[in-house]
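**Student:** Before anything else, here's the structure in question.
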Amino acid sequence: MKQYNITFEERELPFGPLHVISLGERGRGRHETLVPIDGTITPDDLITPVPIKSGKVKLVKSNSNSDWIARISCEGTYTRNSTGYISVITNDVQPATVLASGHGADGDAGRIGKWIDYLLIIPDNTVLKVKRHGGYKIPPFYLFFGNKTVMKMSEAEFDAFNDNEVTFEVLQPIHY
């Protein structure tokens with residue numbers, strides 16, 4: 001699978017260093033999820049998720065060039081009572097699949113506003129609607145995952161791109 005917005009880091013854990021993708025934040029009112037990766041992966045490699053004993057997934061090198069693995073964060077701006085999320089078109093035959101998620105929040109206690117950080121499998125030719133947290137101050141945008149590239153569009157651009165009336169369904173996060 002092709003990569004979109006995937007960033008790796010090395011974390012020092014009690015059992016030693018581990019290459020991971022960090023989703024969300026650590027702290028009160030927040031949830032951080034670490035997704036392990038094969039340490040030899042580069043940003044240009046094709047990758048695929050494989051299950052591990054804990055029920056989570058690990059990302060390893062692959063030869064498959066179909067579909068996308070994408071990290072999409074809905075972090076926006078500090079705003080009371082706003083939530084960032086991702087939606088998919090409800091009539092898509094094969095919608096995006098949530099592999100893992102974490103969430104971040106605003107305020108010391110994490111109760112001001114919140115946002116979700118997703119790791120997704122997205123089929124080619126899929127449109128996602130991304131609503132970052134921040135209320136009316138931050139308009140949503142759309143991501144079109146084509147066969148080779150990802151195109152980011154504003155609402156006006158999406159309306160011009162799409163002639164049909166579509167409805168969206170919010171993707172639910174996964175917490176381990």
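Going through the structure tokens in order, the chains are called A, B, and so on, while each chain numbers its residues from 1 and the ligands are numbered from 1 in the order shown.
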Any idea what's packed within 8 Å of Thr90 (chain A), counting only C-alpha atoms, ignoring anything in its chain fewer than 4 positions away? Could you give it as an mmCIF file with N, CA, C and O atoms, in the first residue's frame?

**Tutor:**
```cif
data_model
loop_
_atom_site.group_PDB
_atom_site.id
_atom_site.type_symbol
_atom_site.label_atom_id
_atom_site.label_comp_id
_atom_site.auth_asym_id
_atom_site.auth_seq_id
_atom_site.Cartn_x
_atom_site.Cartn_y
_atom_site.Cartn_z
ATOM 1 N N PRO A 95 -15.525 1.381 2.101
ATOM 2 C CA PRO A 95 -15.075 2.612 2.758
ATOM 3 C C PRO A 95 -13.728 2.432 3.444
ATOM 4 O O PRO A 95 -13.202 1.319 3.535
ATOM 5 N N VAL A 166 -24.076 13.873 -2.097
ATOM 6 C CA VAL A 166 -23.512 12.776 -1.309
ATOM 7 C C VAL A 166 -23.742 13.034 0.173
ATOM 8 O O VAL A 166 -23.865 14.173 0.610
ATOM 9 N N THR A 167 -23.829 11.947 0.927
ATOM 10 C CA THR A 167 -23.914 12.048 2.383
ATOM 11 C C THR A 167 -22.685 11.374 2.975
ATOM 12 O O THR A 167 -22.135 10.430 2.393
ATOM 13 N N PHE A 168 -22.273 11.865 4.121
ATOM 14 C CA PHE A 168 -21.071 11.363 4.765
ATOM 15 C C PHE A 168 -21.407 10.728 6.099
ATOM 16 O O PHE A 168 -22.363 11.113 6.767
ATOM 17 N N GLU A 169 -20.596 9.738 6.487
ATOM 18 C CA GLU A 169 -20.741 9.047 7.770
ATOM 19 C C GLU A 169 -19.419 9.192 8.507
ATOM 20 O O GLU A 169 -18.352 8.984 7.936
#
```

**Student:** From a DSSP pass on the backbone, collect the residues of region 37-167 of chain A flagged as helix (DSSP H, G or I) and hand them back as a ChimeraX atom specification.

**Tutor:** /A:135-137,155-161

**Student:** Nearest residue to Lys114 (chain A) out of A:Arg71, A:His31, A:His19, A:Lys58, using only C-alpha atoms?

**Tutor:** A:His31

**Student:** Can you work out which one of A:Leu34, A:Val127, A:Ile174, A:Ile121 has the shortest atom-to-atom distance to Trp68 (chain A), counting only C-alpha atoms?

**Tutor:** A:Ile121

**Student:** May I ask which of the residues A:Pro17, A:Pro173, A:Pro43, A:Gly107 is the closest one to Tyr4 (chain A), counting only C-alpha atoms?

**Tutor:**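 Of all the options, A:Pro43 lies closest to Tyr4 (chain A).
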
**Student:** Residues within 8 Å of region 75-83 of chain A, please, as a PyMOL selection string. Count only C-alpha atoms; anything in the same chain fewer than 3 positions from it doesn't count.

**Tutor:** chain A and resi 104+106+112-117+132-135+138

**Student:** Once you have the residues from the selection above, write them out as a PDB file, in the first residue's frame, restricted to C-alpha atoms.

**Tutor:**
```
ATOM      1  CA  GLY A 104      -5.528  14.916  21.620  1.00  0.00           C
ATOM      2  CA  ASP A 106      -7.110  21.307  24.531  1.00  0.00           C
ATOM      3  CA  ILE A 112     -11.916  22.105  26.198  1.00  0.00           C
ATOM      4  CA  GLY A 113     -11.897  20.617  22.687  1.00  0.00           C
ATOM      5  CA  LYS A 114     -10.679  17.350  21.205  1.00  0.00           C
ATOM      6  CA  TRP A 115      -9.400  15.903  17.958  1.00  0.00           C
ATOM      7  CA  ILE A 116      -8.813  12.421  16.608  1.00  0.00           C
ATOM      8  CA  ASP A 117      -5.622  11.194  14.957  1.00  0.00           C
ATOM      9  CA  ARG A 132     -10.480  19.724  12.006  1.00  0.00           C
ATOM     10  CA  HIS A 133     -11.401  20.861  15.499  1.00  0.00           C
ATOM     11  CA  GLY A 134     -11.933  24.581  15.790  1.00  0.00           C
ATOM     12  CA  GLY A 135     -15.626  25.028  15.066  1.00  0.00           C
ATOM     13  CA  ILE A 138     -11.809  26.126  10.352  1.00  0.00           C
TER      14      ILE A 138
END
```

**Student:** Name the closest residue to Tyr118 (chain A) among the candidates A:Ile47, A:Leu13, A:Ile89, A:Val35; distances are taken between atoms, counting only C-alpha atoms.

**Tutor:**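 Comparing A:Ile47, A:Leu13, A:Ile89, A:Val35 against Tyr118 (chain A), the winner is A:Val35.
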